[in-house]
Amino acid sequence: MIKNITELLHTKYPVIQGGMANIATGEFAAHVSNAGGLGLIGAGGWDGETVRNEIKKCKSLTNQPFGVNIMLMSPHAKDIAQIVIDEGIKIVTTGAGSPGIYMDAWKKAGMIVIPVVPSVALGIRMERMGADAIIAEGTESGGHIGELTTMALIPQISDAVKIPVIATGGIADQRGVLAAFALGAKGVQLGTVLLATHEAPIHINYKEKIVGAKDTDTVVTGRGTGAPVRVLKNKMAVEYLNMSKEGVPLAELEKLTLGSLRKAVFQGDLDHGSFMAGQISGLIHEIRSIKEVFSSLFDEVNAYKNQLEIM
Ligand code: TUI
């Protein structure tokens, strides 16, 4: 029985990088892995051949473990599910759906499969299907989200499954890590705080928008369409909210979200970009290196724990 995540993933720190479609390139994933976390190539938004190239790039840049995140709503998900097998990828995380149809093939290939889930019921389903761990994602997260908060979800899901739970949503410092572990998690996944790093291959406007954000600066677009997405507030987000009120079809809204994510990532288009980021943006005040982020989260977390006086 795996007791901790570093044992399962062979990483220095109990941390996984979030999938982050269109952002998490092979090079970025290699940076994360070289800094002691589990780097992931964010396959959402790319076709199979692009993902294959990013995998090759990542292999050339790190000898540490890394994985691929497969966004299951992607039209290329099926292709990518096979490519990760062909490329000998050892760890896969999934998001935005159930990986059920791929599970047997991945397990047969000896892969570690870690689905992202937004609820207890899905966590239980994933455990039964053979998942090695689950990432329980609170609604504080950026991007496509569920309803439950990290605070409510982590203890409930930790009680409901035997496999390790990795917490995500609202974690950006050592207090967040400690809270996640106190709630039953065995590891954390980080997204937003890794966007505000020198290594993140996104436009400087994106990083500065996170650094400049306050607690209430995110909104959720697409509630009621079945694909709620948390982004930093701007003109595009307000327009999106108005469009969904007017009943614009889901497929069109999704196109708008993914298209405008690219505008944020590559052009730093402050008006028309979709700046996916979590509620914890308000806690992030500077752009650092990935190494500095990991060190600030983990190196003194045990000392911090011992300082807590509860009663
Ligand atoms: O997937 C994410 N975050 C994402 S994906 C993404 S790209 C995108 N852009 C526009 C619209 C939609 C996606 C940006 N951010 N996080 C993991 C996550 N998975 N959050 C919620 C879920 C989830 C939801 C339903 C997982 C499983 C699930 O299962 C439904 C079912 O029963 O099949």
# chains A, B, ... in the order shown; residues from 1 in each chain; ligands from 1
$ select_by_dssp --residues "segment 137-217 of chain A" --states "strand (DSSP E or B)" --output "PyMOL selection string"
chain A and resi 137+143-144+165-168+187-190+197
$ residues_near_ligand --ligand "ligand 1" --cutoff "7 Å" --atoms "only C-alpha atoms and all ligand atoms" --output "list in words"
Met20, Ala21, Gly44, Met71, Met73, Gly95, Ala96, Gly97, Ser98, Val116, Val117, Pro118, Leu122, Glu137, Gly142, Gly143, His144, Ile145, Gly146, Ala227, Val229, Glu254, Thr257 and Leu258 of chain A
$ select_by_dssp --residues "segment 6-72 of chain A" --states "alpha helix (DSSP H)" --output "PyMOL selection string"
chain A and resi 6-9+26-34+48-61
$ residues_around --residues "Arg288 of chain A" --least-positions-apart "4" --cutoff "12 Å" --atoms "only C-alpha atoms" --output "PyMOL selection string"
chain A and resi 193-200+207-208+211+284+292-296
$ write_last_selection --atoms "C-alpha atoms" --output "PDB file, in the first residue's frame"
ATOM      1  CA  VAL A 193       1.024  29.737  -8.549  1.00  0.00           C
ATOM      2  CA  LEU A 194       3.057  28.020 -11.291  1.00  0.00           C
ATOM      3  CA  LEU A 195       1.710  30.452 -13.892  1.00  0.00           C
ATOM      4  CA  ALA A 196       3.389  33.305 -12.011  1.00  0.00           C
ATOM      5  CA  THR A 197       6.863  31.858 -12.592  1.00  0.00           C
ATOM      6  CA  HIS A 198       9.741  32.888 -14.865  1.00  0.00           C
ATOM      7  CA  GLU A 199       9.548  29.499 -16.563  1.00  0.00           C
ATOM      8  CA  ALA A 200       5.836  29.612 -17.477  1.00  0.00           C
ATOM      9  CA  LYS A 207       1.629  36.699 -15.142  1.00  0.00           C
ATOM     10  CA  GLU A 208       1.158  40.323 -14.165  1.00  0.00           C
ATOM     11  CA  VAL A 211       0.188  39.145  -9.509  1.00  0.00           C
ATOM     12  CA  ILE A 284       0.441  35.727  -5.328  1.00  0.00           C
ATOM     13  CA  GLU A 292      11.510  29.167  -5.235  1.00  0.00           C
ATOM     14  CA  VAL A 293       7.805  28.313  -5.293  1.00  0.00           C
ATOM     15  CA  PHE A 294       8.416  24.686  -4.260  1.00  0.00           C
ATOM     16  CA  SER A 295      10.905  25.717  -1.617  1.00  0.00           C
ATOM     17  CA  SER A 296       8.451  28.260  -0.131  1.00  0.00           C
TER      18      SER A 296
END
$ closest_residue --among "A:Val51, A:Ile290, A:Ile134, A:Ile114" --to "Asn34 of chain A" --atoms "only C-alpha atoms"
A:Ile290
$ residues_around --residues "segment 261-264 of chain A" --least-positions-apart "4" --cutoff "10 Å" --atoms "only C-alpha atoms" --output "list in words"
Ala21, Asn22, Ile23, Gly45, Gly143, Ile202, His203, Ile204, Asn205, Tyr206, Val231, Lys255, Leu256, Thr257, Gly268, Asp269, Leu270, Asp271, His272, Gly273, Ser274, Phe275 and Met276 of chain A
$ write_last_selection --atoms "N, CA and C atoms" --output "CSV table (one decimal), in the first residue's frame"
chain,number,residue,atom,x,y,z
A,21,ALA,N,-4.0,23.4,-20.2
A,21,ALA,CA,-4.0,23.3,-21.7
A,21,ALA,C,-3.4,24.5,-22.3
A,22,ASN,N,-2.7,24.3,-23.4
A,22,ASN,CA,-2.1,25.4,-24.2
A,22,ASN,C,-0.9,26.1,-23.5
A,23,ILE,N,-0.6,25.7,-22.3
A,23,ILE,CA,0.4,26.4,-21.5
A,23,ILE,C,1.5,25.4,-21.2
A,45,GLY,N,-6.1,20.9,-26.0
A,45,GLY,CA,-5.9,22.0,-27.0
A,45,GLY,C,-4.9,21.6,-28.1
A,143,GLY,N,-9.8,27.6,-14.5
A,143,GLY,CA,-10.2,26.7,-15.6
A,143,GLY,C,-11.5,26.0,-15.3
A,202,ILE,N,4.0,31.8,-20.9
A,202,ILE,CA,2.8,32.6,-21.2
A,202,ILE,C,3.2,34.1,-21.2
A,203,HIS,N,2.4,34.8,-21.9
A,203,HIS,CA,2.7,36.3,-22.0
A,203,HIS,C,2.8,36.9,-20.7
A,204,ILE,N,3.7,37.9,-20.6
A,204,ILE,CA,4.0,38.6,-19.3
A,204,ILE,C,2.7,39.3,-18.8
A,205,ASN,N,1.8,39.7,-19.6
A,205,ASN,CA,0.5,40.3,-19.2
A,205,ASN,C,-0.3,39.3,-18.3
A,206,TYR,N,-0.2,38.0,-18.7
A,206,TYR,CA,-0.9,37.0,-18.0
A,206,TYR,C,-0.4,36.9,-16.5
A,231,VAL,N,-12.1,32.3,-14.6
A,231,VAL,CA,-11.1,33.2,-15.2
A,231,VAL,C,-11.0,34.5,-14.4
A,255,LYS,N,-15.8,27.1,-27.9
A,255,LYS,CA,-14.9,27.6,-28.9
A,255,LYS,C,-14.3,29.0,-28.4
A,256,LEU,N,-15.2,29.8,-27.9
A,256,LEU,CA,-14.9,31.1,-27.5
A,256,LEU,C,-13.8,31.0,-26.3
A,257,THR,N,-14.1,30.1,-25.4
A,257,THR,CA,-13.2,30.0,-24.2
A,257,THR,C,-11.8,29.5,-24.7
A,268,GLY,N,-1.3,38.0,-24.7
A,268,GLY,CA,-1.5,38.8,-23.5
A,268,GLY,C,-2.6,39.8,-23.8
A,269,ASP,N,-3.6,39.4,-24.6
A,269,ASP,CA,-4.7,40.3,-24.9
A,269,ASP,C,-5.7,40.5,-23.7
A,270,LEU,N,-5.4,41.6,-23.0
A,270,LEU,CA,-6.1,41.9,-21.7
A,270,LEU,C,-7.6,42.0,-21.9
A,271,ASP,N,-8.1,42.4,-23.0
A,271,ASP,CA,-9.6,42.6,-23.2
A,271,ASP,C,-10.2,41.3,-23.7
A,272,HIS,N,-9.6,40.6,-24.6
A,272,HIS,CA,-10.3,39.5,-25.3
A,272,HIS,C,-9.7,38.1,-24.8
A,273,GLY,N,-8.7,38.1,-24.0
A,273,GLY,CA,-8.2,36.8,-23.6
A,273,GLY,C,-9.0,36.2,-22.4
A,274,SER,N,-8.9,34.9,-22.3
A,274,SER,CA,-9.5,34.2,-21.2
A,274,SER,C,-8.4,33.8,-20.3
A,275,PHE,N,-8.2,34.5,-19.2
A,275,PHE,CA,-7.1,34.3,-18.3
A,275,PHE,C,-7.5,33.4,-17.2
A,276,MET,N,-7.4,32.1,-17.5
A,276,MET,CA,-7.9,31.1,-16.5
A,276,MET,C,-6.9,31.1,-15.3
$ residues_around --residues "segment 300-311 of chain A" --least-positions-apart "4" --cutoff "12 Å" --atoms "only C-alpha atoms" --output "PyMOL selection string"
chain A and resi 13+173-182+294-296
$ atom_distance --atom1 "atom CA of Trp46 of chain A" --atom2 "atom CA of Glu239 of chain A"
25.8 Å
$ closest_residue --among "A:Ile124, A:Ile154, A:Met111, A:Ala43" --to "Asp79 of chain A" --atoms "only C-alpha atoms"
A:Ala43
$ atom_distance --atom1 "atom CA of Gly222 of chain A" --atom2 "atom CA of Tyr240 of chain A"
7.6 Å
$ closest_residue --among "A:Val220, A:Ile210, A:Leu72, A:Met126" --to "Ser244 of chain A" --atoms "only C-alpha atoms"
A:Val220
$ residues_around --residues "Lys162 of chain A" --least-positions-apart "3" --cutoff "12 Å" --atoms "only C-alpha atoms" --output "count of residues only"
21
$ closest_residue --among "A:Ser119, A:Thr11, A:Thr25, A:Gln64" --to "Arg52 of chain A" --atoms "only C-alpha atoms"
A:Thr25
$ closest_residue --among "A:Gly247, A:Gly19, A:Asp299, A:Asp104" --to "Val68 of chain A" --atoms "only C-alpha atoms"
A:Gly19
$ decode --residues "segment 36-175 of chain A" --atoms "C-alpha atoms" --output "short mmCIF file (atom, residue, chain, number, x, y, z; two decimals), in the first residue's frame"
data_model
loop_
_atom_site.label_atom_id
_atom_site.label_comp_id
_atom_site.auth_asym_id
_atom_site.auth_seq_id
_atom_site.Cartn_x
_atom_site.Cartn_y
_atom_site.Cartn_z
CA GLY A 36 11.37 18.33 -7.81
CA GLY A 37 7.66 18.13 -8.68
CA LEU A 38 5.78 16.03 -11.20
CA GLY A 39 5.70 17.98 -14.45
CA LEU A 40 2.84 17.29 -16.85
CA ILE A 41 2.42 18.04 -20.51
CA GLY A 42 -1.03 19.64 -20.81
CA ALA A 43 -2.40 17.89 -23.89
CA GLY A 44 -5.76 19.75 -23.97
CA GLY A 45 -5.88 22.03 -26.99
CA TRP A 46 -3.30 20.06 -29.03
CA ASP A 47 -3.59 17.28 -31.58
CA GLY A 48 -1.82 13.94 -31.17
CA GLU A 49 1.28 14.77 -33.18
CA THR A 50 1.88 18.00 -31.26
CA VAL A 51 1.60 16.08 -28.01
CA ARG A 52 4.03 13.45 -29.32
CA ASN A 53 6.56 16.19 -30.13
CA GLU A 54 6.15 17.78 -26.69
CA ILE A 55 6.73 14.37 -25.09
CA LYS A 56 9.96 13.97 -27.07
CA LYS A 57 11.03 17.49 -26.05
CA CYS A 58 10.34 16.75 -22.39
CA LYS A 59 12.28 13.48 -22.53
CA SER A 60 15.27 15.39 -23.93
CA LEU A 61 15.16 17.99 -21.11
CA THR A 62 14.73 15.89 -17.98
CA ASN A 63 15.62 12.51 -16.59
CA GLN A 64 13.10 13.00 -13.80
CA PRO A 65 9.59 11.50 -13.89
CA PHE A 66 6.96 13.43 -15.84
CA GLY A 67 3.49 12.71 -17.18
CA VAL A 68 0.77 13.84 -19.55
CA ASN A 69 -2.56 15.45 -18.63
CA ILE A 70 -5.37 14.47 -20.99
CA MET A 71 -8.34 16.83 -21.20
CA LEU A 72 -11.13 14.40 -21.99
CA MET A 73 -13.38 16.96 -23.69
CA SER A 74 -10.68 17.38 -26.37
CA PRO A 75 -11.57 15.98 -29.81
CA HIS A 76 -8.05 14.45 -29.82
CA ALA A 77 -8.40 12.64 -26.47
CA LYS A 78 -8.68 9.17 -28.08
CA ASP A 79 -5.56 9.67 -30.22
CA ILE A 80 -3.59 11.03 -27.29
CA ALA A 81 -4.71 8.14 -25.08
CA GLN A 82 -2.91 5.78 -27.48
CA ILE A 83 0.11 8.04 -28.03
CA VAL A 84 0.92 8.08 -24.30
CA ILE A 85 1.09 4.27 -24.43
CA ASP A 86 3.24 4.25 -27.58
CA GLU A 87 5.63 6.82 -26.08
CA GLY A 88 6.06 4.85 -22.86
CA ILE A 89 4.56 7.56 -20.64
CA LYS A 90 4.40 6.25 -17.06
CA ILE A 91 1.94 8.69 -15.48
CA VAL A 92 -1.30 10.14 -16.81
CA THR A 93 -3.70 12.58 -15.17
CA THR A 94 -7.10 13.26 -16.72
CA GLY A 95 -9.59 16.11 -16.47
CA ALA A 96 -13.00 17.25 -17.66
CA GLY A 97 -14.59 13.79 -17.81
CA SER A 98 -14.29 10.12 -16.92
CA PRO A 99 -11.26 8.23 -18.33
CA GLY A 100 -13.19 4.92 -18.04
CA ILE A 101 -12.87 3.81 -21.68
CA TYR A 102 -9.07 4.15 -21.61
CA MET A 103 -8.42 2.67 -18.18
CA ASP A 104 -7.91 -0.98 -19.17
CA ALA A 105 -5.40 -0.14 -21.91
CA TRP A 106 -3.46 2.20 -19.63
CA LYS A 107 -3.37 -0.27 -16.75
CA LYS A 108 -2.30 -3.03 -19.13
CA ALA A 109 0.58 -0.79 -20.21
CA GLY A 110 1.59 -0.49 -16.54
CA MET A 111 0.80 3.21 -16.27
CA ILE A 112 -0.08 5.17 -13.14
CA VAL A 113 -3.48 6.81 -13.71
CA ILE A 114 -4.59 9.78 -11.63
CA PRO A 115 -7.94 11.30 -12.63
CA VAL A 116 -9.06 14.75 -11.49
CA VAL A 117 -12.46 14.55 -9.80
CA PRO A 118 -14.77 17.25 -8.44
CA SER A 119 -16.94 15.01 -6.20
CA VAL A 120 -16.91 12.03 -3.82
CA ALA A 121 -19.05 9.88 -6.14
CA LEU A 122 -16.62 10.29 -9.03
CA GLY A 123 -13.69 9.60 -6.73
CA ILE A 124 -15.26 6.30 -5.66
CA ARG A 125 -15.96 5.42 -9.31
CA MET A 126 -12.34 6.12 -10.25
CA GLU A 127 -11.01 3.97 -7.39
CA ARG A 128 -13.21 1.07 -8.51
CA MET A 129 -11.96 1.49 -12.09
CA GLY A 130 -8.38 1.07 -10.92
CA ALA A 131 -7.09 4.63 -10.48
CA ASP A 132 -3.82 4.73 -8.51
CA ALA A 133 -4.65 8.05 -6.82
CA ILE A 134 -7.11 10.87 -7.41
CA ILE A 135 -6.73 14.60 -7.64
CA ALA A 136 -9.68 16.18 -5.81
CA GLU A 137 -10.25 19.61 -7.27
CA GLY A 138 -12.00 22.39 -5.38
CA THR A 139 -14.01 25.08 -7.14
CA GLU A 140 -11.37 27.65 -6.14
CA SER A 141 -9.30 26.38 -9.07
CA GLY A 142 -8.80 28.11 -12.38
CA GLY A 143 -10.20 26.69 -15.60
CA HIS A 144 -12.97 24.09 -15.79
CA ILE A 145 -14.33 23.43 -12.29
CA GLY A 146 -16.89 21.57 -10.18
CA GLU A 147 -19.08 22.92 -7.38
CA LEU A 148 -17.41 21.87 -4.12
CA THR A 149 -14.75 23.81 -2.27
CA THR A 150 -11.41 22.23 -1.42
CA MET A 151 -12.26 22.61 2.29
CA ALA A 152 -15.44 20.52 1.96
CA LEU A 153 -14.29 18.06 -0.71
CA ILE A 154 -10.92 16.85 0.60
CA PRO A 155 -12.00 15.38 3.96
CA GLN A 156 -15.11 13.78 2.48
CA ILE A 157 -13.28 12.19 -0.42
CA SER A 158 -10.39 11.13 1.84
CA ASP A 159 -12.87 9.20 3.99
CA ALA A 160 -14.51 7.62 0.96
CA VAL A 161 -11.49 6.14 -0.85
CA LYS A 162 -8.38 4.16 0.12
CA ILE A 163 -6.15 5.42 -2.70
CA PRO A 164 -4.14 8.60 -2.02
CA VAL A 165 -5.93 11.92 -2.51
CA ILE A 166 -4.09 14.88 -3.99
CA ALA A 167 -5.73 18.22 -3.19
CA THR A 168 -6.00 21.11 -5.60
CA GLY A 169 -7.76 24.45 -5.68
CA GLY A 170 -6.71 27.42 -3.57
CA ILE A 171 -3.20 26.25 -2.67
CA ALA A 172 -0.29 28.64 -3.19
CA ASP A 173 1.74 28.69 0.03
CA GLN A 174 2.80 26.51 2.96
CA ARG A 175 -0.47 27.20 4.80
#
